[in-house]
Structure formats: C-alpha cells, structure tokens
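Scroll down for the structure; my scribbles are underneath it.
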Amino acid sequence: MGEIKALQLFHGPNHPGMHGNFSVHIKVDGDIVVEAEANPGMLHRGFEKLMERRNWMQNIALILRVCVVEPDINEAAYSMAVETIEGMDVPERAQWIRVMILEMARIANHLMSLGGIGGPTGLYTGPNWALVDRDLILDIFEKITGARVYHMYIVPGGVRQDVTDEILKDLEKVLDDIEKRLPEYRELILEHPIIQKRTKNIAVLTRDQALSWGVTGIALRATGVDYDVRKYDPYLVYDKVEFDVPTVDFSDAYNRLWLKYQEIYQSIRIIRQVIEKMPSGKVREKLPGNALKWRVKKGDAYVKLESARGEFGYYMVSDGGTKPYRVFVRGASYPQGLLGIEKGLPGTRLEDVAIWLDTMGVCAPEIDR
Amino acid sequence: MKEQELIDLIEKHVKYEEGSIEVYAPRKLKFILKKDDLVDTLLFLKRNGFVQLSFITCVDWIKDNKFELVYGLVSWEHKLTVLVKTFIDRDNPKMISIMDIWPTAKYYEQEINEFFGVYFEGNPNMSKELILENWDSMPPLRKDFDPQSYSNEKFEIRIYDYKMEDKKKK
Amino acid sequence: MVNMIILAVVFVIGAFIFQVTLSGFSRKVVARIQKRRGPTVFQNFYDIGKLLFKESSISHGFIFDFGIWMALGSTIATLLFMPVGGWALMPKYANIIVIIYLLAVGSLGMAMSAVGSGNPLASIGVSRALTQMFAYELPFVVIAVLIIYLAKSSNILKIIEYQTQNGWNLFSMPIGALVAYISLMGMLGKKPFDTPIAPAEIASGPLVEYSGKYLGFLMIQHEFATFIEVGLFVHLFMGSTSIIGFLIKYIIVYISAVMISSVMARLKIDEVVKFYWRWPLGLAILQAIITLGVRF
C-alpha cells in the first residue's frame with residue numbers, strides 16, 4: 001500500500017457550514033485539519049474604489065452593504081470619520097440616538113450569532129427562535145428609520161429624523177420581552193449537554209495569539225482582558241452610560257457564546273439608560289449649502305468603534321473635494337478570517353471547522369469589501 | 001498615558017530625521033516620518049505597549065507621485081491609537097515587510113500589493129492572489145486605473161433598449 | 001399469484017402515502033416547535049414529485065447509477081416482508097432476521113453509489129454512516145435476540161402473538177424498549193445521531209452529489225426505510241393485531257422521535273460510537289440479565 005494522502009476539501013462557498021460567499025480550502029488527514037487556507041474574493045464588490053467615485057452623502061447608501069448582519073456600524077463609523085475630518089459638532093440628542101441604534105444592532109447581531117451556533121451543531125431550533133426575537137428589533141428599526149435591515153439613518157451631522165416617545169415606549173416593551181426570553185436561550189443552547197460537549201475546549205485561542213493576530217472583540221475578551229473600544233476609547237456618549245464588559249479566562253467556543261449572551265444583557269442596560277437620559281433638542285446639524293456639492297476639508301482620520309465582532313474602523317482621506325479621496329475599511333473579522341484560519345484552524349477536527357468559523361465571527365463581506 | 005506623554009517619549013527615544021506628530025482627535029495621534037525610520041519606530045512602539053496592529057493601508061497621491069503607507073497601531077494599556085505614516089516613491093514602490101513584528105501584517109501587505117502594486121520585501125505571499133483572481137490590468141485602486149475603459153475593453157457593450165422590449169411583447 | 005402482486009402494489013403505495021404524509025406532518029410539528037408556520041402537510045409529495053420530473057444529464061458511472069436502484073429496490077423488497085398489525089403479505093417469511101439483513105443491502109447500495117460519485121465529502125459521509133450502523137446495531141440486535149428467545153420464534157407475527165398473550169414488551173422490558181428506541185433514532189438518522197449527513201460539516205455527506213431523479217429516489221427510499229424501522233420497533237415492543245392500532249402507535253413513536261430530534265444537537269461520530277457501546281449496549285445486557293434471571 002502506498003502512502004495515504006491528505007484529502008483536500010472545499011469548505012465553502014457552496015457549503016451549508018459557511019456563512020457568505022467565502023471559501024476555506026482545508027486538507028484533512030483522517031479527521032484532523034492539517035492545512036487551511038482562506039480563499040476570499042467571491043464577494044469583492046470594490047467598495048473602496050466605488051466610494052472614491054461618489055459624493056460624501058451618496059456613499060451613505062453604499063457603505064451599509066459592507067456588513068450584512070450589522071450595517072449600522074458602517075454608517076456610524078463613516079459619519080464619525082467625516083465629522084472628525086470636518087471638525088463638525090454633532091447635536092447631543094443625535095449622539096444618544098446613535099448609541100441606541102448601535103446597541104440595538106448589537107443585540108440583533110448577538111441574537112443571530114448566539115442562536116446561530118445551531119447551524120454548525122445541528123440544533124436548528126436555536127436559530128429559528130433567535131430570528132423571531134431579532135424580528136422584534138427589526139420592527140423597531142422600521143418604526144424609527146423606515147427600513148428593516150439597511151437603515152441609512154446615521155448621516156454626517158446627526159441622524160436623519162427624530163425618535164418619538166411612542167417608539168421609545170415600544171422599544172422598552174420589546175426589551176422587556178427579549179430580556180424575559182433570554183433564559184430560554186440559556187436553557188436551550190448554553191445548558192444543552194450536547195452543545196456543551198461540542199463547544200467546550202473547541203477552537204481555543206490564547207491571549208498571545210489573539211493580540212499578535214490582531215483579533216479583537218469577543219474572541220479577545222474571552223481570554224481574560226476587558227479590551228472593549230467602548231471603554232478604552234469612548235466614542236459618542238459611551239462614557240456617560242454605565243455598563244460592564246463581561247470577560248472570561250479561557251477563549252473557547254463555549255465561552256465566546258457565553259459572552260455574547262452576557263453582552264445582550266449589557267446592551268439592554270445601555271439602551272434603557274439612553275431612553276432615560278436622552279436630552280431633547282435637534283438631531284441633525286444642517287450642512288452648509290447643497291449636500292450633494294458638499295466639500296469636506298482636507299485631512300484624514302481613522303475612527304474606530306466596537307462592533308459585535310470587534311474593532312471596526314474607517315480610515316478616510318479627503319483632498320478637499322466633493323468625493324472622498326480614499327476610504328479604507330478595517331473589517332473586524334479581517335485578522336481571524338485570513339491569518340486566523342491559516343494559523344488557528346490546523347489541528348481542529350473536521351467537525352469543528354464550522355464551529356470555529358462561526359464563533360470566531362468570520363464575516364466574509366468585511367474581508368472582501 | 002496621555003497623548004503628550006507619548007509624544008515626549010517618542011521624541012526622547014526615537015531617532016528620526018524628519019517628521020511630525022500631531023493629535024487629531026482625543027486619544028488619536030498621527031505620526032509622519034521617513035521611510036527608513038519607519039521599522040525602528042514601529043519596533044519601539046511595539047515594545048512600548050502598542051501590541052496590536054489594526055491595519056495597514058495605502059493612499060495613492062498621484063499628483064506628488066507618491067504612495068502613502070499608513071500603519072494603524074493600538075495600545076490597549078495606554079488607551080491610544082497611533083497612525084504611523086510614511087511616503088514612498090510611486091515608481092517601483094518597495095517597502096520592508098513587518099510580518100515578523102506583527103504576523104497579521106502578512107495579509108494586509110498582500111492586499112496592498114494586489115490593489116496598489118507595492119512590493120513588500122520579505123513577505124512570502126507577494127506573488128499569490130488574494131482577492132483578485134486572474135487580474136491582468138494595473139492594480140485597481142491606483143488613481144490612474146479607469147474602471148470604465150477596463151470594462152469596455154473586457155466586456156461587450158450592451159445597451160438595454162426598453163422600447164424594443166415593449167414592441168416585442170406586443 | 002396475481003392477487004398477491006396486486007396486494008403488494010397496494011401495500012407499497014399505501015405505505016408510501018402514509019409515511020410521506022406523516023413526514024409532512026412532522027415538518028409542521030417541528031415548525032411549531034421552532035416558532036414557524038411550516039410548509040403544508042403535502043410538501044414532501046410536492047418535493048418528491050418535482051424531483052422525479054427532472055432530467056439528469058450527467059452520470060458518475062455505472063456504480064453510481066446502479067447503487068441507487070439497488071438501494072431503492074432492496075428497500076421496497078424489505079417492505080414486502082413487513083407485517084402491518086396482524087396482516088402480512090408473506091406471513092411465513094415476516095422474519096426479523098430477513099428484515100434486518102435486507103435493510104442493510106439498501107444501505108450498502110446507497111454507500112456504493114455515494115462512493116461511486118467520487119466526492120470526498122460523500123466518502124467521509126459513507127464511512128460515518130457505516131460506522132454508525134455498527135454502533136446502533138449491536139445493542140439493537142441484543143434486544144431483538146432477547147425478544148426472539150422469549151417468543152421462541154423470529155417471525156414477527158409470532159412475536160405479536162406472544163405479546164397479545166403476555167402483554168407488551170414495552171412494559172415487560174422497559175429498559176430494552178429504551179435501548180431499542182435510542183437505536184431507532186440512530187437508524188432514522190435523527191439528531192443527535194445525524195452525523196452521517198451533517199450538513200454544516202460535510203455538506204450532507206452521501207447525498208452531496210445527487211440531484212433530480214436520483215435525489216427523488218433516495219427520498220422515497222428514505223421514507224420506506226423509515227416505515228420499516230419504525231414499524232419494526234412498534235411490532236417488537238407494542239405488538240397487537242389491529243391495523244389501525246398499529247398506525248396510531250406508529251404515529252406516536254415517529255412524532256416523538258421527531259420532537260426529541262428537534263431540540264438536539266449533533267454528536268461527533270466517535271462520540272456516537274462511544275455512546276452506543278457504553279449506555280445502550282450496557283443497558284441491553286442489563287435487560288438481558290434481568291429478563292433471563294426472572295425466567296430461571
């Protein structure tokens with residue numbers, strides 16, 4: 001008998017265990033992955049080039065598409081970067097509303113990815129339940145912004161329109177609802193013996209690895225540090241609200257799920273404070289002249305914020321024209337999606353590849369852009 | 001650490017010929033310096049708490065015939081973000097890879113190589129394709145790349161004549 | 001003879017309609033558990049019908065085509081030996097051993113065909129499926145042999161007769177019934193034992209290369225296999241001669257398996273084997289010791 005070769009498998013793009021049009025080429029020896037290589041490019045839409053050819057305000061309709069599940073971070077980072085370059089002041093109430101929108105998006109995203117562990121492990125009740133609760137949040141988004149998924153709500157200078165008190169009351173009801181149902185997720189997913197068996201000690205990430213790869217967000221915080229951009233580099237009004245950054249000491253798939261579950265509670269807490277403390281006033285600074293002929297001052301800025309998957313930022317350059325000169329998107333899952341797969345995936349079993357990709361938060365559109 | 005303390009620290013310990021440091025927003029600094037001093041400075045910053053490389057990117061200043069490389073560093077313990085920038089020549093652009101300082105630089109450099117054509121010495125991925133498969137034109141994020149002429153050249157021009165479609169239906 | 005052929009055709013079609021409707025209903029049940037509305041009860045008929053009307057233009061070789069027919073044919077052949085309540089097409093040959101062996105031919109046909117497709121994911125899936133077969137059959141056979149010993153016959157009709165006299169085996173050997181039920185979950189490929197077709201890991205494993213007609217045939221084969229497996233469990237543990245009673249018990253057993261499956265996650269293949277050979281096998285032997293100890 002000759003030598004048994006390693007078997008090459010294509011995990012994606014046409015594979016139920018893969019989110020988005022992204023592919024991982026893996027070589028397996030028996031059940032163990034010996035080599036893995038990320039193969040992005042199937043979702044490349046050339047956003048960075050497209051943005052250079054559109055007005056500052058036109059881009060608002062484009063950038064959301066960078067990340068599908070949590071589009072609001074794009075609007076916020078883009079607007080904040082423009083405001084930093086221009087030196088613009090944002091009305092106080094608009095900043096509070098932005099925090100509320102971002103946290104609602106975080107809850108929606110965490111619900112989806114907490115339930116989403118049912119995809120790779122076969123517990124399909126989890127994702128279905130989570131989508132029901134996510135829909136409640138999308139309903140509120142629809143009331144505030146008029147759209148369910150892509151809101152185009154946060155614009156340079158503030159937000160598009162004010163939030164009424166009725167919507168805030170509805171939002172409070174939804175939050176109570178979700179908070180009441182969160183223990184059900186704990187019972188169904190986090191305390192499920194088979195889920196525990198499948199996720200504990202799987203996809204382990206050490207702190208050194210996380211820092212040297214540049215992994216941020218939940219995967220980093222699960223290694224025992226509370227590195228959260230909201231605390232360490234507060235933007236908007238995050239320094240005026242109280243919240244904790246949950247951490248655990250061991251970053252495996254289960255603990256990352258556990259942190260997502262804990263962060264939903266923190267986000268609910270933040271939104272409640274926002275509803276309580278939000279001042280009244282105007283929500284949008286008027287732009288000088290015609291918005292489509294708006295020229296932003298010459299300069300550049302990097303603005304980052306904490307997305308559900310980690311540090312998300314925009315580096316923007318303006319040459320004083322009506323269009324951005326250069327926009328660079330720092331996707332939160334870029335490090336784990338490319339270097340992480342190459343270095344971290346070998347050694348895991350074939351069964352755990354989907355769990356690895358799911359809990360590390362590999363989001364294909366952020367890598368391809 | 002406050003922003004000013006970092007500026008003092010850099011000015012005391014890092015030797016560089018020309019350069020400027022500026023605070024452009026709270027907790028965020030910009031640091032422009034010459035190409036030859038860049039790696040030493042990055043090493044110094046890494047030893048002083050800037051453990052995370054957030055991104056590397058490139059800006060094409062076609063009028064000055066320069067590429068601007070931007071390295072975004074984050075220090076969680078100092079709660080600071082520093083953009084270290086340098087300008088390199090636009091003709092035959094070359095730079096030393098910083099893969100050995102931050103392994104994550106590997107793919108950022110590969111992407112810049114693909115989209116701007118900057119060659120990073122020491123990075124093994126320079127000849128591999130990351131995102132653009134079978135790309136045969138100039139690196140597409142350069143300012144002199146014209147998407148319209150590229151697409152005219154590659155694809156046949158199709159004009160959708162809605163009036164003809166209506167007539168056909170009738 | 002003609003009479004028997006007509007009966008056989010009616011039986012196969014009846015079993016098909018019953019099981020496909022029931023699995024459509026089970027999709028409704030799962031949908032309700034998952035807070036969805038779910039498709040109509042007849043969705044599986046639509047699916048199978050649509051697939052059968054498709055043309056497949058490619059083939060992966062003779063083994064690939066032949067394996068499908070072997071799987072479908074031998075499963076239908078197995079079905080003909082299967083009694084329903086007190087009625088059987090061939091009362092003399094309604095034998096557990098025949099059924100277990102013929103059913104394995106169907107699985108082997110599918111395994112052959114899947115490996116013939118040449119897709120590595122399919123081979124991984126087939127090797128998992130065969131491993132899982134080893135895992136669940138051992139405890140199941142221990143219990144089946146115990147029942148054969150008690151009934152002094154391996155004919156299912158005799159076993160049903162034994163139960164009408166001495167009460168259901170479900171009550172006289174509850175541990176054995178539990179073991180057989182867990183084995184049944186493995187046979188049906190319900191979670192947590194759906195490792196061979198794990199979609200997120202190996203993209204549906206053996207089924208990865210099928211489309212059109214062949215996928216339709218495999219769906220039909222799966223429905224017949226389900227009918228045989230669940231029916232066997234009902235006969236072995238809740239035997240009675242009434243046909244309506246059989247169908248009601250069948251529905252209860254099948255829907256309960258579906259409901260358990262919908263809140264379960266998938267085990268890895270090594271965990272499946274470890275599990276079956278530790279708990280169900282241990283319990284099966286315990287049941288054998290208890291039952292034989294009581295008798296002697």
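Every chain in the structure tokens takes a letter, A first, then B, and so on in the order presented; its residues are numbered from 1, and the ligands are numbered from 1 following the presented order.
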
Exercise: B:Glu5 partners within 12 Å, only C-alpha atoms, chain neighbours under 2 positions left out, as a ChimeraX atom specification: /B:1-3,7-12,23,27,29,78,80

Store the residues picked out above in a file with C-alpha atoms, as an mmCIF file, in the first residue's frame.
data_model
loop_
_atom_site.group_PDB
_atom_site.id
_atom_site.type_symbol
_atom_site.label_atom_id
_atom_site.label_comp_id
_atom_site.auth_asym_id
_atom_site.auth_seq_id
_atom_site.Cartn_x
_atom_site.Cartn_y
_atom_site.Cartn_z
ATOM 1 C CA MET B 1 -0.776 57.616 29.257
ATOM 2 C CA LYS B 2 -1.765 60.977 27.888
ATOM 3 C CA GLU B 3 -1.155 61.958 24.295
ATOM 4 C CA ILE B 7 4.888 62.489 22.069
ATOM 5 C CA ASP B 8 7.579 63.247 24.627
ATOM 6 C CA LEU B 9 8.560 59.610 24.837
ATOM 7 C CA ILE B 10 8.849 59.287 21.078
ATOM 8 C CA GLU B 11 10.833 62.475 20.749
ATOM 9 C CA LYS B 12 13.192 61.393 23.508
ATOM 10 C CA VAL B 23 -3.043 64.855 17.880
ATOM 11 C CA ARG B 27 -6.573 59.634 22.141
ATOM 12 C CA LEU B 29 -2.276 60.593 17.016
ATOM 13 C CA HIS B 78 -2.200 53.390 27.098
ATOM 14 C CA LEU B 80 -4.119 55.370 22.448
#

Identify, on the basis of only C-alpha atoms, every residue whose closest approach to B:Lys143 does not exceed 7 Å; exclude the query and any residue fewer than 2 positions from it along the same chain; express the result as a ChimeraX atom specification. /B:60,62,141,145

Let's see if you can do this: from backbone DSSP, list all alpha helix (DSSP H) residues in stretch 216-272 of chain C, as a ChimeraX atom specification. /C:216-237,243-262,269-272

Neighbours of chain B in chain A at 6 Å, counting only C-alpha atoms, as a count of residues only: 7

May I ask you to extract the residues of chain A within 10 Å of chain C, using only C-alpha atoms, and to give them as a VMD selection string? chain A and resid 7 to 12 14 to 18 30 to 31 117 to 132 188 to 189 192 to 198 349 to 355

Using N, CA and C atoms, can you export the residues from the last selection as a short mmCIF file (atom, residue, chain, number, x, y, z; two decimals), in the first residue's frame?
data_model
loop_
_atom_site.label_atom_id
_atom_site.label_comp_id
_atom_site.auth_asym_id
_atom_site.auth_seq_id
_atom_site.Cartn_x
_atom_site.Cartn_y
_atom_site.Cartn_z
N LEU A 7 -6.48 14.56 2.34
CA LEU A 7 -7.62 14.80 1.46
C LEU A 7 -7.91 16.29 1.43
N GLN A 8 -8.09 16.81 0.24
CA GLN A 8 -8.40 18.24 0.18
C GLN A 8 -9.90 18.46 0.07
N LEU A 9 -10.42 19.31 0.92
CA LEU A 9 -11.85 19.60 0.92
C LEU A 9 -12.06 21.09 0.75
N PHE A 10 -13.17 21.44 0.16
CA PHE A 10 -13.50 22.85 0.00
C PHE A 10 -14.64 23.19 0.95
N HIS A 11 -14.28 23.92 1.96
CA HIS A 11 -15.31 24.34 2.92
C HIS A 11 -15.85 25.67 2.43
N GLY A 12 -16.86 25.64 1.61
CA GLY A 12 -17.40 26.83 1.00
C GLY A 12 -16.88 26.99 -0.40
N ASN A 14 -19.97 27.00 -1.55
CA ASN A 14 -21.26 26.33 -1.64
C ASN A 14 -21.30 25.22 -0.60
N HIS A 15 -21.45 25.60 0.64
CA HIS A 15 -21.37 24.65 1.74
C HIS A 15 -22.25 25.14 2.87
N PRO A 16 -23.09 24.28 3.41
CA PRO A 16 -24.01 24.77 4.45
C PRO A 16 -23.31 25.25 5.72
N GLY A 17 -22.05 24.87 5.91
CA GLY A 17 -21.37 25.26 7.14
C GLY A 17 -20.64 26.57 7.02
N MET A 18 -20.90 27.31 5.97
CA MET A 18 -20.13 28.53 5.72
C MET A 18 -21.11 29.69 5.59
N GLY A 30 -7.25 12.08 7.95
CA GLY A 30 -8.27 11.47 8.80
C GLY A 30 -9.32 12.52 9.10
N ASP A 31 -9.46 12.82 10.38
CA ASP A 31 -10.44 13.83 10.76
C ASP A 31 -9.79 15.15 11.10
N ILE A 117 -25.32 29.25 16.51
CA ILE A 117 -24.48 28.08 16.79
C ILE A 117 -25.26 26.81 16.47
N GLY A 118 -26.60 26.95 16.40
CA GLY A 118 -27.40 25.80 15.99
C GLY A 118 -27.12 25.36 14.57
N GLY A 119 -26.64 26.26 13.75
CA GLY A 119 -26.30 25.87 12.38
C GLY A 119 -25.22 24.82 12.34
N PRO A 120 -24.00 25.13 12.81
CA PRO A 120 -22.94 24.13 12.76
C PRO A 120 -23.17 22.92 13.64
N THR A 121 -23.97 23.03 14.71
CA THR A 121 -24.13 21.87 15.58
C THR A 121 -25.41 21.11 15.31
N GLY A 122 -26.29 21.64 14.47
CA GLY A 122 -27.49 20.89 14.13
C GLY A 122 -28.69 21.17 15.00
N LEU A 123 -28.58 22.13 15.91
CA LEU A 123 -29.71 22.47 16.77
C LEU A 123 -30.51 23.58 16.08
N TYR A 124 -31.34 23.20 15.12
CA TYR A 124 -31.95 24.22 14.28
C TYR A 124 -33.05 25.01 14.97
N THR A 125 -33.47 24.56 16.14
CA THR A 125 -34.46 25.35 16.87
C THR A 125 -33.85 26.67 17.33
N GLY A 126 -32.57 26.64 17.67
CA GLY A 126 -31.91 27.85 18.16
C GLY A 126 -31.98 29.01 17.18
N PRO A 127 -31.50 28.86 15.95
CA PRO A 127 -31.56 29.98 15.01
C PRO A 127 -32.98 30.46 14.74
N ASN A 128 -33.92 29.52 14.69
CA ASN A 128 -35.29 29.94 14.40
C ASN A 128 -35.87 30.79 15.51
N TRP A 129 -35.62 30.39 16.76
CA TRP A 129 -36.09 31.20 17.87
C TRP A 129 -35.43 32.57 17.84
N ALA A 130 -34.11 32.57 17.61
CA ALA A 130 -33.38 33.83 17.65
C ALA A 130 -33.88 34.78 16.57
N LEU A 131 -34.24 34.24 15.41
CA LEU A 131 -34.71 35.11 14.33
C LEU A 131 -36.04 35.74 14.70
N VAL A 132 -36.87 35.00 15.44
CA VAL A 132 -38.14 35.58 15.87
C VAL A 132 -37.89 36.81 16.74
N LEU A 188 -31.89 26.38 26.28
CA LEU A 188 -31.87 25.63 25.01
C LEU A 188 -30.46 25.45 24.50
N ILE A 189 -29.64 26.50 24.60
CA ILE A 189 -28.34 26.45 23.93
C ILE A 189 -27.20 26.27 24.93
N HIS A 192 -27.39 23.13 27.14
CA HIS A 192 -27.65 21.89 26.42
C HIS A 192 -26.41 20.99 26.52
N PRO A 193 -26.55 19.77 27.05
CA PRO A 193 -25.34 18.95 27.25
C PRO A 193 -24.57 18.69 25.96
N ILE A 194 -25.29 18.50 24.85
CA ILE A 194 -24.54 18.18 23.62
C ILE A 194 -23.83 19.42 23.09
N ILE A 195 -24.50 20.59 23.18
CA ILE A 195 -23.83 21.82 22.77
C ILE A 195 -22.58 22.04 23.62
N GLN A 196 -22.71 21.78 24.92
CA GLN A 196 -21.53 21.95 25.78
C GLN A 196 -20.42 21.01 25.36
N LYS A 197 -20.81 19.78 25.05
CA LYS A 197 -19.81 18.80 24.63
C LYS A 197 -19.15 19.24 23.32
N ARG A 198 -19.95 19.80 22.43
CA ARG A 198 -19.42 20.18 21.13
C ARG A 198 -18.59 21.47 21.16
N ARG A 349 -10.63 19.43 14.44
CA ARG A 349 -11.23 18.34 13.68
C ARG A 349 -12.19 18.89 12.64
N LEU A 350 -12.42 18.09 11.63
CA LEU A 350 -13.30 18.50 10.53
C LEU A 350 -14.67 18.92 11.06
N GLU A 351 -15.15 18.21 12.09
CA GLU A 351 -16.46 18.52 12.63
C GLU A 351 -16.50 19.91 13.24
N ASP A 352 -15.33 20.39 13.70
CA ASP A 352 -15.32 21.64 14.44
C ASP A 352 -14.99 22.84 13.58
N VAL A 353 -14.71 22.61 12.31
CA VAL A 353 -14.33 23.74 11.46
C VAL A 353 -15.45 24.77 11.40
N ALA A 354 -16.68 24.29 11.22
CA ALA A 354 -17.80 25.22 11.13
C ALA A 354 -18.01 25.95 12.44
N ILE A 355 -17.79 25.25 13.56
CA ILE A 355 -17.93 25.90 14.87
C ILE A 355 -16.85 26.95 15.04
#

Pick out the residues sitting within 10 Å of C:Ser123, and hand them over as a list in words; count only C-alpha atoms, and ignore anything fewer than 2 positions along from it in its own chain. Ala111, Met112, Ala114, Val115, Gly116, Ser117, Gly118, Asn119, Pro120, Leu121, Gly125, Val126, Ser127, Arg128, Ala129, Ile202, Gly205 and Pro206 of chain C

Would you please extract all strand (DSSP E) residues from stretch 69-275 of chain A, as assigned by DSSP on the backbone, and give them as a list in words?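 Taking stretch 69-275 of chain A and keeping strand (DSSP E) gives Ile154, Val155, Gly158 and Val159 of chain A.
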
All residues 12 Å or closer to C:Phe25, only C-alpha atoms, same chain fewer than 4 positions away omitted, as a PyMOL selection string: chain C and resi 18-21+29-32+37-45+251+254-255+258-259

Resulting file, chosen residues, N, CA and C atoms, as a PDB file, in the first residue's frame:
ATOM      1  N   PHE C  18     -48.899   6.932   3.349  1.00  0.00           N
ATOM      2  CA  PHE C  18     -48.980   7.132   4.801  1.00  0.00           C
ATOM      3  C   PHE C  18     -47.726   7.799   5.334  1.00  0.00           C
ATOM      4  N   GLN C  19     -46.553   7.234   4.977  1.00  0.00           N
ATOM      5  CA  GLN C  19     -45.314   7.738   5.567  1.00  0.00           C
ATOM      6  C   GLN C  19     -44.985   9.146   5.054  1.00  0.00           C
ATOM      7  N   VAL C  20     -45.230   9.417   3.781  1.00  0.00           N
ATOM      8  CA  VAL C  20     -44.872  10.745   3.257  1.00  0.00           C
ATOM      9  C   VAL C  20     -45.789  11.806   3.857  1.00  0.00           C
ATOM     10  N   THR C  21     -47.074  11.479   4.012  1.00  0.00           N
ATOM     11  CA  THR C  21     -47.969  12.429   4.674  1.00  0.00           C
ATOM     12  C   THR C  21     -47.522  12.666   6.106  1.00  0.00           C
ATOM     13  N   VAL C  29     -44.941  19.863  12.788  1.00  0.00           N
ATOM     14  CA  VAL C  29     -44.685  19.803  14.229  1.00  0.00           C
ATOM     15  C   VAL C  29     -43.379  20.515  14.560  1.00  0.00           C
ATOM     16  N   VAL C  30     -42.334  20.208  13.784  1.00  0.00           N
ATOM     17  CA  VAL C  30     -41.041  20.843  14.030  1.00  0.00           C
ATOM     18  C   VAL C  30     -41.163  22.358  13.861  1.00  0.00           C
ATOM     19  N   ALA C  31     -41.918  22.779  12.846  1.00  0.00           N
ATOM     20  CA  ALA C  31     -42.086  24.216  12.619  1.00  0.00           C
ATOM     21  C   ALA C  31     -42.725  24.879  13.823  1.00  0.00           C
ATOM     22  N   ARG C  32     -43.705  24.223  14.405  1.00  0.00           N
ATOM     23  CA  ARG C  32     -44.354  24.811  15.576  1.00  0.00           C
ATOM     24  C   ARG C  32     -43.384  24.916  16.742  1.00  0.00           C
ATOM     25  N   ARG C  37     -44.449  28.763  10.865  1.00  0.00           N
ATOM     26  CA  ARG C  37     -45.708  28.216  10.375  1.00  0.00           C
ATOM     27  C   ARG C  37     -45.500  26.854   9.714  1.00  0.00           C
ATOM     28  N   GLY C  38     -44.405  26.733   8.987  1.00  0.00           N
ATOM     29  CA  GLY C  38     -44.103  25.454   8.368  1.00  0.00           C
ATOM     30  C   GLY C  38     -44.785  25.265   7.031  1.00  0.00           C
ATOM     31  N   PRO C  39     -44.295  24.330   6.224  1.00  0.00           N
ATOM     32  CA  PRO C  39     -44.904  24.067   4.922  1.00  0.00           C
ATOM     33  C   PRO C  39     -46.191  23.253   5.071  1.00  0.00           C
ATOM     34  N   THR C  40     -46.891  23.034   3.967  1.00  0.00           N
ATOM     35  CA  THR C  40     -48.122  22.257   4.071  1.00  0.00           C
ATOM     36  C   THR C  40     -47.779  20.795   4.340  1.00  0.00           C
ATOM     37  N   VAL C  41     -48.797  20.040   4.750  1.00  0.00           N
ATOM     38  CA  VAL C  41     -48.588  18.632   5.074  1.00  0.00           C
ATOM     39  C   VAL C  41     -48.155  17.853   3.837  1.00  0.00           C
ATOM     40  N   PHE C  42     -48.549  18.350   2.654  1.00  0.00           N
ATOM     41  CA  PHE C  42     -48.244  17.603   1.430  1.00  0.00           C
ATOM     42  C   PHE C  42     -46.936  18.044   0.786  1.00  0.00           C
ATOM     43  N   GLN C  43     -46.160  18.839   1.520  1.00  0.00           N
ATOM     44  CA  GLN C  43     -44.943  19.387   0.931  1.00  0.00           C
ATOM     45  C   GLN C  43     -44.008  18.294   0.422  1.00  0.00           C
ATOM     46  N   ASN C  44     -43.908  17.185   1.155  1.00  0.00           N
ATOM     47  CA  ASN C  44     -42.978  16.139   0.731  1.00  0.00           C
ATOM     48  C   ASN C  44     -43.414  15.485  -0.581  1.00  0.00           C
ATOM     49  N   PHE C  45     -44.738  15.402  -0.812  1.00  0.00           N
ATOM     50  CA  PHE C  45     -45.208  14.894  -2.101  1.00  0.00           C
ATOM     51  C   PHE C  45     -44.756  15.824  -3.220  1.00  0.00           C
ATOM     52  N   ILE C 251     -47.593   6.449  14.555  1.00  0.00           N
ATOM     53  CA  ILE C 251     -47.557   7.919  14.547  1.00  0.00           C
ATOM     54  C   ILE C 251     -46.952   8.436  15.840  1.00  0.00           C
ATOM     55  N   TYR C 254     -43.135   7.818  15.848  1.00  0.00           N
ATOM     56  CA  TYR C 254     -42.403   8.636  14.876  1.00  0.00           C
ATOM     57  C   TYR C 254     -42.389  10.105  15.287  1.00  0.00           C
ATOM     58  N   ILE C 255     -43.560  10.631  15.652  1.00  0.00           N
ATOM     59  CA  ILE C 255     -43.613  12.059  16.006  1.00  0.00           C
ATOM     60  C   ILE C 255     -42.786  12.337  17.255  1.00  0.00           C
ATOM     61  N   VAL C 258     -39.277  12.662  16.216  1.00  0.00           N
ATOM     62  CA  VAL C 258     -39.044  13.940  15.543  1.00  0.00           C
ATOM     63  C   VAL C 258     -38.952  15.073  16.553  1.00  0.00           C
ATOM     64  N   MET C 259     -39.816  15.022  17.566  1.00  0.00           N
ATOM     65  CA  MET C 259     -39.819  16.100  18.554  1.00  0.00           C
ATOM     66  C   MET C 259     -38.534  16.103  19.369  1.00  0.00           C
TER      67      MET C 259
END

Atom CA of A:Thr199 to atom CA of A:Val215: how many Å, to one decimal?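 Interatomic distance, atom CA of A:Thr199 to atom CA of A:Val215: 19.6 Å.
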
Within 12 Å of stretch 50-53 of chain C, counting only C-alpha atoms, which residues show up once you throw out same-chain ones fewer than 6 positions away? Write them as a ChimeraX atom specification, please. /C:43-44,210-220

Output the selection as a PDB file, in the first residue's frame - C-alpha atoms for each residue.
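out-v9.pdb was written with the following content:
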ATOM      1  CA  GLN C  43     -44.943  19.387   0.931  1.00  0.00           C
ATOM      2  CA  ASN C  44     -42.978  16.139   0.731  1.00  0.00           C
ATOM      3  CA  TYR C 210     -27.335  13.734  -6.024  1.00  0.00           C
ATOM      4  CA  SER C 211     -29.887  15.876  -7.743  1.00  0.00           C
ATOM      5  CA  GLY C 212     -33.047  15.490  -9.794  1.00  0.00           C
ATOM      6  CA  LYS C 213     -34.442  11.979 -10.168  1.00  0.00           C
ATOM      7  CA  TYR C 214     -31.794  10.282  -8.070  1.00  0.00           C
ATOM      8  CA  LEU C 215     -32.423  12.553  -5.134  1.00  0.00           C
ATOM      9  CA  GLY C 216     -36.127  11.825  -5.532  1.00  0.00           C
ATOM     10  CA  PHE C 217     -35.455   8.071  -5.484  1.00  0.00           C
ATOM     11  CA  LEU C 218     -33.320   8.442  -2.394  1.00  0.00           C
ATOM     12  CA  MET C 219     -36.069  10.418  -0.675  1.00  0.00           C
ATOM     13  CA  ILE C 220     -38.528   7.638  -1.483  1.00  0.00           C
TER      14      ILE C 220
END

Can you pull out the residues contacting stretch 122-128 of chain B? Cut-off 8 Å, using only C-alpha atoms, and skip same-chain residues under 5 positions away; I want them as a ChimeraX atom specification. /B:96-97,99,106-107,109-110,113

Generate the output file for the selected residues, C-alpha atoms, as a tab-separated table (two decimals), in the first residue's frame.
chain	number	residue	atom	x	y	z
B	96	ILE	CA	10.18	46.23	4.04
B	97	SER	CA	7.63	43.77	5.33
B	99	MET	CA	5.46	40.44	9.12
B	106	LYS	CA	1.06	39.38	6.08
B	107	TYR	CA	-2.39	39.68	4.57
B	109	GLU	CA	0.59	43.68	2.82
B	110	GLN	CA	-0.62	41.11	0.33
B	113	ASN	CA	0.41	44.56	-3.18

Could you pull the residues within 8 Å of A:Ala94, counting only C-alpha atoms, minus those fewer than 2 positions along the same chain, as JSON, numbers by chain? {"A": [90, 91, 92, 96, 97, 98, 158, 159, 282, 283, 284]}

As a check of understanding: the span from atom CA of C:His222 to atom CA of C:Phe62 is 21.7 Å

What gap, in Å, lies between atom CA of C:Ser56 and atom CA of A:Pro13? 23.5 Å
